[in-house]
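S.K.: Got a structure for you, questions after.
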Amino acid sequence: MEEFKNFIEEAIEKDLSDGVYDRVQTRFPPEPNGYLHIGHAKAICIDFGNAQKYGGTCNLRLDDTNPSKEDVEYVDAICEDIKWLGFKWDKLLYASDYFDDIYECAVKLIKMGKAYVDDLSADEIREYRGTLTEPGKESPYRTRSIEENLDLFRRMTDGEFENGARVLRAKIDMSSPNLNMRDPIIYRIMHESHHRTGDKWCVYPMYDFAHPISDTIEGVTHSLCSLEFEDHRPLYNWFLKELGFPKPSRQIEFARMNLNYTLTSKRKCLKLVNDKIVSGWDDPRMGTLCGMRRRGYPSAAIRDFCEKIGVAKANSVIDFSLLEFCVRENLNQNAPRAMAVLRPVKLVIDNYPEDKTEEIDIEINPQKQELGTRKVSFSKNLWIESDDFMEEAPKKYFRLSIGKEVRLKGAYFVTATSCKKDENGNVTEIHCTYDPETRGGEAPDGRKVKGTIHWVSENHCKNAMVRLYERLFNVENPSDESKVGSFEENLNPNSAEILENCKIESALEGAKTGDTFQFLRLGYFCVDKDSKEDNIVFNRTVALKDSWAKIKG
């Protein structure tokens, strides 16, 4: 069967076969003004994945053209996230590496009569630009001489003018149907210290100008970017043509990944952090890659998710359940099994010997039979989930109740006989008897039980904190404030539930930050960085089944 190729692959292969390029070089160019989110994961997979597929290279180039919003903290976080996703860049570069070259290109455009210094304010430039149905008006400063423009641009560079006093604009076409071609700003004054160049510059290039020049100087063949840059492509090509680059880069656009119930706006995410609605950029409820890593999402599951949604030309919204499916599928195959009780109630086996302890075999991972089993301690006094017991149970309740028999996972059949309650009527202790002939969970006489519950031995467990996470927002598109109100108004008040004094089997005591387990019958859980020696902390990564539809309903 012929391999399916998406439109980016088709374009790359055609360029190679036509001799337009003899190699493939891509780049991933994030701005270091925030943390990467799940939408960036798709771009990373496309940029690095195509370079890998065609035996090429992919650079990481930080777009540091706006020093007022950028920080080394974000640079470090971006690098860490890309490595975690499983990709390696060929070179780590910065747009600021090319500031001298980009500046010379601006001077060249001025000397060609293709750029001019404009004194209009930002509001005036916006007013002069026109609309989609009306052409723009030319600035009264558009006819300045080349000599005057060169002098003013030099004085801008020397720091003579305040922020916003003047800009450098390309001279293209104020009546173009594409608003991006109506004399776009290519340099602005910004008296800000840069995290790499310090105070060398007080004028900085706009992204639309820096990007094509950086791409082409760097040797990028295919500049892959999201769909919102499609209308910018004529400008991208205009700069490269006017500047006379012999082998310009080619821009190709693909649809962004929009994931429902997720906020990816850096401005709004920063507000969540600053207002302490979340604990930080890596809060496990955030759509950031560091948040998903902390929650326990495997990087391979995110790559699988990006592959499943594919590469499209039209924007669409992806259901969060697909991402959770990929996470669940990966962890089912790879996470070792363990026993934990989140809402414990004591279970006493009255006819079990007081001082006896035995080892019960539990499969490490039933998906990987070659791993075999491990030992879990079993004794007279156990912990079970409080909702696994009802004193008087309805007909279809198959867990533990008075007079009913259930299986303790991997151990014995037990029958509840009585329970103790506190003054509020809450069950505090359950008593039962066990059948010693049913070790391993099977009865010699062939009798069957419909219920199996998990447990932890009271004398062989540790306390833990468990954080149960749900989606941070109650609405599918929290960014669409025109329909659903502000994103703060649509926060899910039940997005995090903290459970203290959970009981985990003692074998988990040595688990390290990032280790992930399937807690039998409960879901997948990851060790959090807040863990301490005497109190390990687990985050629920994902439930065993998709429960959101039930919660939402």
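In the structure tokens, the first chain shown is A, the next is B, and so on; residue numbers restart at 1 for each chain, and ligands run from 1 in the order shown.
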Residues near A:Pro140, anyone? I mean within 12 Å using only C-alpha atoms, not counting same-chain ones fewer than 5 positions away, as JSON, numbers by chain.

M.R.: {"A": [116, 117, 118, 119, 120, 124, 125, 128]}

S.K.: For the residues in that selection, give me C-alpha atoms as a PDB file, in the first residue's frame.

M.R.:
ATOM      1  CA  TYR A 116      10.915  55.193   5.155  1.00  0.00           C
ATOM      2  CA  VAL A 117      10.825  56.648   8.653  1.00  0.00           C
ATOM      3  CA  ASP A 118       7.291  57.565   9.737  1.00  0.00           C
ATOM      4  CA  ASP A 119       6.365  60.049  12.464  1.00  0.00           C
ATOM      5  CA  LEU A 120       2.708  59.023  12.697  1.00  0.00           C
ATOM      6  CA  GLU A 124      -2.690  57.295  13.332  1.00  0.00           C
ATOM      7  CA  ILE A 125      -0.951  54.443  11.521  1.00  0.00           C
ATOM      8  CA  TYR A 128      -4.379  55.386   7.860  1.00  0.00           C
TER       9      TYR A 128
END

S.K.: Residues near A:Pro32, anyone? I mean within 6 Å using only C-alpha atoms, not counting same-chain ones fewer than 5 positions away, as a PyMOL selection string.

M.R.: chain A and resi 70+74-75

S.K.: So which residues touch A:Glu147 within 12 Å, counting only C-alpha atoms, skipping near sequence neighbours fewer than 2 positions away, as a list in words?

M.R.: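 Residues meeting the cut-off are Val107, Ile110, Lys111, Met112, Gly113, Ala115, Tyr116, Val117, Thr143, Arg144, Ser145, Asn149, Leu150, Asp151, Leu152, Phe153 and Arg154 of chain A.
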
S.K.: Which residues are close to stretch 10-16 of chain A, i.e. within 10 Å by only C-alpha atoms, leaving aside same-chain residues fewer than 3 positions away? Reply as a ChimeraX atom specification.

M.R.: /A:4-7,19-24,50,54,221-222,250,252

S.K.: Given the choices A:Leu508, A:Leu259, A:Glu9, A:Arg303, which gets closest to A:Phe87 if the distance is worked out from only C-alpha atoms?

M.R.: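 For A:Phe87, the nearest of the candidates is A:Arg303.
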
S.K.: Going by DSSP on the backbone, which residues of stretch 446-496 of chain A come out as strand (DSSP E or B)? List them as a PDB file with all heavy atoms, in the first residue's frame.

M.R.:
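Output file out-v9.pdb follows:
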ATOM      1  N   THR A 452     -14.688  -7.570  43.165  1.00  0.00           N
ATOM      2  CA  THR A 452     -13.288  -7.613  43.585  1.00  0.00           C
ATOM      3  C   THR A 452     -12.890  -6.219  44.021  1.00  0.00           C
ATOM      4  O   THR A 452     -13.110  -5.240  43.298  1.00  0.00           O
ATOM      5  CB  THR A 452     -12.372  -8.070  42.440  1.00  0.00           C
ATOM      6  OG1 THR A 452     -12.740  -9.385  42.015  1.00  0.00           O
ATOM      7  CG2 THR A 452     -10.918  -8.080  42.881  1.00  0.00           C
ATOM      8  N   ILE A 453     -12.313  -6.097  45.210  1.00  0.00           N
ATOM      9  CA  ILE A 453     -11.889  -4.790  45.705  1.00  0.00           C
ATOM     10  C   ILE A 453     -10.408  -4.833  46.074  1.00  0.00           C
ATOM     11  O   ILE A 453      -9.847  -5.899  46.344  1.00  0.00           O
ATOM     12  CB  ILE A 453     -12.734  -4.329  46.917  1.00  0.00           C
ATOM     13  CG1 ILE A 453     -12.543  -5.268  48.104  1.00  0.00           C
ATOM     14  CG2 ILE A 453     -14.208  -4.225  46.530  1.00  0.00           C
ATOM     15  CD1 ILE A 453     -13.272  -4.787  49.374  1.00  0.00           C
ATOM     16  N   VAL A 456      -4.984  -2.372  51.227  1.00  0.00           N
ATOM     17  CA  VAL A 456      -3.603  -2.145  51.646  1.00  0.00           C
ATOM     18  C   VAL A 456      -3.494  -2.613  53.086  1.00  0.00           C
ATOM     19  O   VAL A 456      -4.386  -2.344  53.897  1.00  0.00           O
ATOM     20  CB  VAL A 456      -3.212  -0.653  51.545  1.00  0.00           C
ATOM     21  CG1 VAL A 456      -1.856  -0.399  52.177  1.00  0.00           C
ATOM     22  CG2 VAL A 456      -3.183  -0.198  50.094  1.00  0.00           C
ATOM     23  N   SER A 457      -2.432  -3.317  53.418  1.00  0.00           N
ATOM     24  CA  SER A 457      -2.225  -3.808  54.782  1.00  0.00           C
ATOM     25  C   SER A 457      -1.891  -2.648  55.715  1.00  0.00           C
ATOM     26  O   SER A 457      -1.039  -1.805  55.402  1.00  0.00           O
ATOM     27  CB  SER A 457      -1.085  -4.829  54.802  1.00  0.00           C
ATOM     28  OG  SER A 457      -0.739  -5.157  56.136  1.00  0.00           O
ATOM     29  N   CYS A 461       2.020  -0.107  55.098  1.00  0.00           N
ATOM     30  CA  CYS A 461       1.624   0.986  54.200  1.00  0.00           C
ATOM     31  C   CYS A 461       2.216   2.297  54.692  1.00  0.00           C
ATOM     32  O   CYS A 461       2.747   2.399  55.794  1.00  0.00           O
ATOM     33  CB  CYS A 461       0.107   1.088  54.093  1.00  0.00           C
ATOM     34  SG  CYS A 461      -0.710   1.697  55.592  1.00  0.00           S
ATOM     35  N   LYS A 462       2.120   3.297  53.843  1.00  0.00           N
ATOM     36  CA  LYS A 462       2.579   4.642  54.153  1.00  0.00           C
ATOM     37  C   LYS A 462       1.446   5.625  53.859  1.00  0.00           C
ATOM     38  O   LYS A 462       0.585   5.375  53.038  1.00  0.00           O
ATOM     39  CB  LYS A 462       3.797   5.009  53.296  1.00  0.00           C
ATOM     40  CG  LYS A 462       5.008   4.110  53.525  1.00  0.00           C
ATOM     41  CD  LYS A 462       5.606   4.353  54.908  1.00  0.00           C
ATOM     42  CE  LYS A 462       6.832   3.462  55.125  1.00  0.00           C
ATOM     43  NZ  LYS A 462       7.419   3.666  56.468  1.00  0.00           N
ATOM     44  N   ASN A 463       1.499   6.754  54.552  1.00  0.00           N
ATOM     45  CA  ASN A 463       0.548   7.820  54.252  1.00  0.00           C
ATOM     46  C   ASN A 463       0.994   8.590  53.017  1.00  0.00           C
ATOM     47  O   ASN A 463       2.188   8.725  52.746  1.00  0.00           O
ATOM     48  CB  ASN A 463       0.427   8.780  55.427  1.00  0.00           C
ATOM     49  CG  ASN A 463      -0.365   8.195  56.574  1.00  0.00           C
ATOM     50  OD1 ASN A 463      -1.183   7.301  56.384  1.00  0.00           O
ATOM     51  ND2 ASN A 463      -0.130   8.698  57.776  1.00  0.00           N
ATOM     52  N   ALA A 464       0.036   9.094  52.301  1.00  0.00           N
ATOM     53  CA  ALA A 464       0.332   9.886  51.107  1.00  0.00           C
ATOM     54  C   ALA A 464      -0.744  10.942  50.915  1.00  0.00           C
ATOM     55  O   ALA A 464      -1.866  10.819  51.417  1.00  0.00           O
ATOM     56  CB  ALA A 464       0.412   8.983  49.875  1.00  0.00           C
ATOM     57  N   MET A 465      -0.379  11.994  50.193  1.00  0.00           N
ATOM     58  CA  MET A 465      -1.356  12.978  49.730  1.00  0.00           C
ATOM     59  C   MET A 465      -1.625  12.679  48.268  1.00  0.00           C
ATOM     60  O   MET A 465      -0.695  12.412  47.492  1.00  0.00           O
ATOM     61  CB  MET A 465      -0.819  14.402  49.888  1.00  0.00           C
ATOM     62  CG  MET A 465      -1.746  15.468  49.295  1.00  0.00           C
ATOM     63  SD  MET A 465      -0.968  17.101  49.211  1.00  0.00           S
ATOM     64  CE  MET A 465      -0.887  17.500  50.965  1.00  0.00           C
ATOM     65  N   VAL A 466      -2.884  12.745  47.881  1.00  0.00           N
ATOM     66  CA  VAL A 466      -3.263  12.508  46.483  1.00  0.00           C
ATOM     67  C   VAL A 466      -4.089  13.685  45.995  1.00  0.00           C
ATOM     68  O   VAL A 466      -5.039  14.122  46.666  1.00  0.00           O
ATOM     69  CB  VAL A 466      -4.050  11.188  46.319  1.00  0.00           C
ATOM     70  CG1 VAL A 466      -4.541  11.032  44.878  1.00  0.00           C
ATOM     71  CG2 VAL A 466      -3.164   9.998  46.701  1.00  0.00           C
ATOM     72  N   ARG A 467      -3.715  14.206  44.828  1.00  0.00           N
ATOM     73  CA  ARG A 467      -4.436  15.319  44.220  1.00  0.00           C
ATOM     74  C   ARG A 467      -5.218  14.787  43.017  1.00  0.00           C
ATOM     75  O   ARG A 467      -4.622  14.267  42.067  1.00  0.00           O
ATOM     76  CB  ARG A 467      -3.460  16.407  43.770  1.00  0.00           C
ATOM     77  CG  ARG A 467      -2.655  17.007  44.919  1.00  0.00           C
ATOM     78  CD  ARG A 467      -1.450  17.758  44.385  1.00  0.00           C
ATOM     79  NE  ARG A 467      -0.723  18.462  45.449  1.00  0.00           N
ATOM     80  CZ  ARG A 467       0.501  18.942  45.304  1.00  0.00           C
ATOM     81  NH1 ARG A 467       1.124  18.805  44.136  1.00  0.00           N
ATOM     82  NH2 ARG A 467       1.099  19.568  46.295  1.00  0.00           N
ATOM     83  N   LEU A 468      -6.510  14.934  43.078  1.00  0.00           N
ATOM     84  CA  LEU A 468      -7.374  14.482  41.987  1.00  0.00           C
ATOM     85  C   LEU A 468      -7.715  15.679  41.111  1.00  0.00           C
ATOM     86  O   LEU A 468      -8.355  16.622  41.562  1.00  0.00           O
ATOM     87  CB  LEU A 468      -8.657  13.856  42.544  1.00  0.00           C
ATOM     88  CG  LEU A 468      -8.471  12.664  43.489  1.00  0.00           C
ATOM     89  CD1 LEU A 468      -9.831  12.173  43.982  1.00  0.00           C
ATOM     90  CD2 LEU A 468      -7.713  11.531  42.796  1.00  0.00           C
ATOM     91  N   TYR A 469      -7.266  15.629  39.867  1.00  0.00           N
ATOM     92  CA  TYR A 469      -7.464  16.758  38.965  1.00  0.00           C
ATOM     93  C   TYR A 469      -8.539  16.478  37.927  1.00  0.00           C
ATOM     94  O   TYR A 469      -8.645  15.372  37.401  1.00  0.00           O
ATOM     95  CB  TYR A 469      -6.162  17.093  38.237  1.00  0.00           C
ATOM     96  CG  TYR A 469      -5.092  17.657  39.142  1.00  0.00           C
ATOM     97  CD1 TYR A 469      -3.926  16.942  39.412  1.00  0.00           C
ATOM     98  CD2 TYR A 469      -5.254  18.903  39.741  1.00  0.00           C
ATOM     99  CE1 TYR A 469      -2.949  17.465  40.245  1.00  0.00           C
ATOM    100  CE2 TYR A 469      -4.287  19.422  40.577  1.00  0.00           C
ATOM    101  CZ  TYR A 469      -3.135  18.707  40.822  1.00  0.00           C
ATOM    102  OH  TYR A 469      -2.175  19.221  41.648  1.00  0.00           O
ATOM    103  N   PHE A 473     -11.520  24.225  33.231  1.00  0.00           N
ATOM    104  CA  PHE A 473     -12.644  25.059  32.797  1.00  0.00           C
ATOM    105  C   PHE A 473     -13.891  24.224  32.551  1.00  0.00           C
ATOM    106  O   PHE A 473     -13.812  23.053  32.162  1.00  0.00           O
ATOM    107  CB  PHE A 473     -12.278  25.830  31.530  1.00  0.00           C
ATOM    108  CG  PHE A 473     -11.168  26.822  31.737  1.00  0.00           C
ATOM    109  CD1 PHE A 473      -9.854  26.484  31.433  1.00  0.00           C
ATOM    110  CD2 PHE A 473     -11.434  28.070  32.272  1.00  0.00           C
ATOM    111  CE1 PHE A 473      -8.825  27.385  31.646  1.00  0.00           C
ATOM    112  CE2 PHE A 473     -10.404  28.982  32.486  1.00  0.00           C
ATOM    113  CZ  PHE A 473      -9.095  28.639  32.174  1.00  0.00           C
ATOM    114  N   LEU A 491     -14.149  29.012  35.321  1.00  0.00           N
ATOM    115  CA  LEU A 491     -13.274  28.054  36.007  1.00  0.00           C
ATOM    116  C   LEU A 491     -14.111  26.952  36.647  1.00  0.00           C
ATOM    117  O   LEU A 491     -15.199  27.205  37.178  1.00  0.00           O
ATOM    118  CB  LEU A 491     -12.451  28.767  37.073  1.00  0.00           C
ATOM    119  CG  LEU A 491     -11.346  29.686  36.549  1.00  0.00           C
ATOM    120  CD1 LEU A 491     -10.899  30.643  37.641  1.00  0.00           C
ATOM    121  CD2 LEU A 491     -10.167  28.854  36.043  1.00  0.00           C
ATOM    122  N   ALA A 496      -9.679  20.565  41.277  1.00  0.00           N
ATOM    123  CA  ALA A 496      -8.662  19.919  42.113  1.00  0.00           C
ATOM    124  C   ALA A 496      -9.271  19.530  43.456  1.00  0.00           C
ATOM    125  O   ALA A 496      -9.894  20.345  44.126  1.00  0.00           O
ATOM    126  CB  ALA A 496      -7.477  20.850  42.328  1.00  0.00           C
TER     127      ALA A 496
END

S.K.: Tell me, as a compact mmCIF listing (two decimals) with C-alpha atoms, in the first residue's frame, which residues lie within 9 Å of A:Leu270, counting only C-alpha atoms; anything in the same chain fewer than 3 positions away does not count.

M.R.:
# COMPACT_ATOMS: atom_id res chain seq x y z
CA GLY A 34 6.08 32.30 28.16
CA SER A 265 -3.16 32.41 25.52
CA LYS A 266 0.10 33.40 27.20
CA ARG A 267 -1.46 36.59 28.54
CA VAL A 273 -0.41 32.32 37.53
CA ASN A 274 -0.17 35.89 38.87
CA ASP A 275 -3.64 35.74 40.44
CA GLY A 280 2.37 28.10 38.61
CA TRP A 281 3.07 27.52 34.92

S.K.: I need the alpha helix (DSSP H) residues of stretch 264-386 of chain A per DSSP on the backbone, written as a ChimeraX atom specification.

M.R.: /A:266-274,289-295,299-309,320-334

S.K.: Check the smallest atom-to-atom distance from each of A:Gly219, A:Gly49, A:Gly164, A:Gly514 to A:Cys202 using only C-alpha atoms, then report the winner.

M.R.: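 For A:Cys202, the nearest of the given residues is A:Gly164.
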
S.K.: Can you work out which one of A:Ile44, A:Ile38, A:Cys105, A:Val427 has the shortest atom-to-atom distance to A:Ile318, counting only C-alpha atoms?

M.R.: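 Once distances to A:Ile318 are computed over only C-alpha atoms, the minimum belongs to A:Ile38.
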
S.K.: Which residue gives the smallest distance to A:Ile82 among A:Met174, A:Ile189, A:Val278, A:Leu289, with only C-alpha atoms counted?

M.R.: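 Checking each of A:Met174, A:Ile189, A:Val278, A:Leu289 against A:Ile82, counting only C-alpha atoms, the winner is A:Leu289.
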
S.K.: Report, in Å to a single decimal, how far apart atom CA of A:Asn260 and atom CA of A:Asp319 are.

M.R.: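 Answer for the atom CA of A:Asp319 to atom CA of A:Asn260 separation: 5.7 Å.
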
S.K.: Closest to A:Leu227 among A:Met286, A:Met206, A:Val311, A:Leu342, using only C-alpha atoms?

M.R.: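 Comparing A:Met286, A:Met206, A:Val311, A:Leu342 against A:Leu227, the winner is A:Val311.
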
S.K.: Show me, as a PyMOL selection string, the residues that have an atom within 9 Å of stretch 534-547 of chain A when counting only C-alpha atoms, minus same-chain residues fewer than 6 positions from it.

M.R.: chain A and resi 284+292+294-297+321+324-325+327-328+332+462-470+501+508-509+511+516+518+521-528

S.K.: Would you please work out which residue, of A:Lys503, A:Thr288, A:Glu127, A:Ile362, is nearest to A:Gly39 when using only C-alpha atoms?

M.R.: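 Of the candidates, the smallest distance to A:Gly39 is held by A:Thr288.
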
S.K.: Please list as a PyMOL selection string every residue within 10 Å of stretch 96-98 of chain A, counting only C-alpha atoms and excluding residues in the same chain fewer than 3 positions away.

M.R.: chain A and resi 61-65+93+101-104+194-197+204-205+210+213-214+217-218

S.K.: Atom CA of A:Asn334 and atom CA of A:Gln367, how far apart in Å?

M.R.: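 Between atom CA of A:Gln367 and atom CA of A:Asn334 the gap works out to 8.0 Å.
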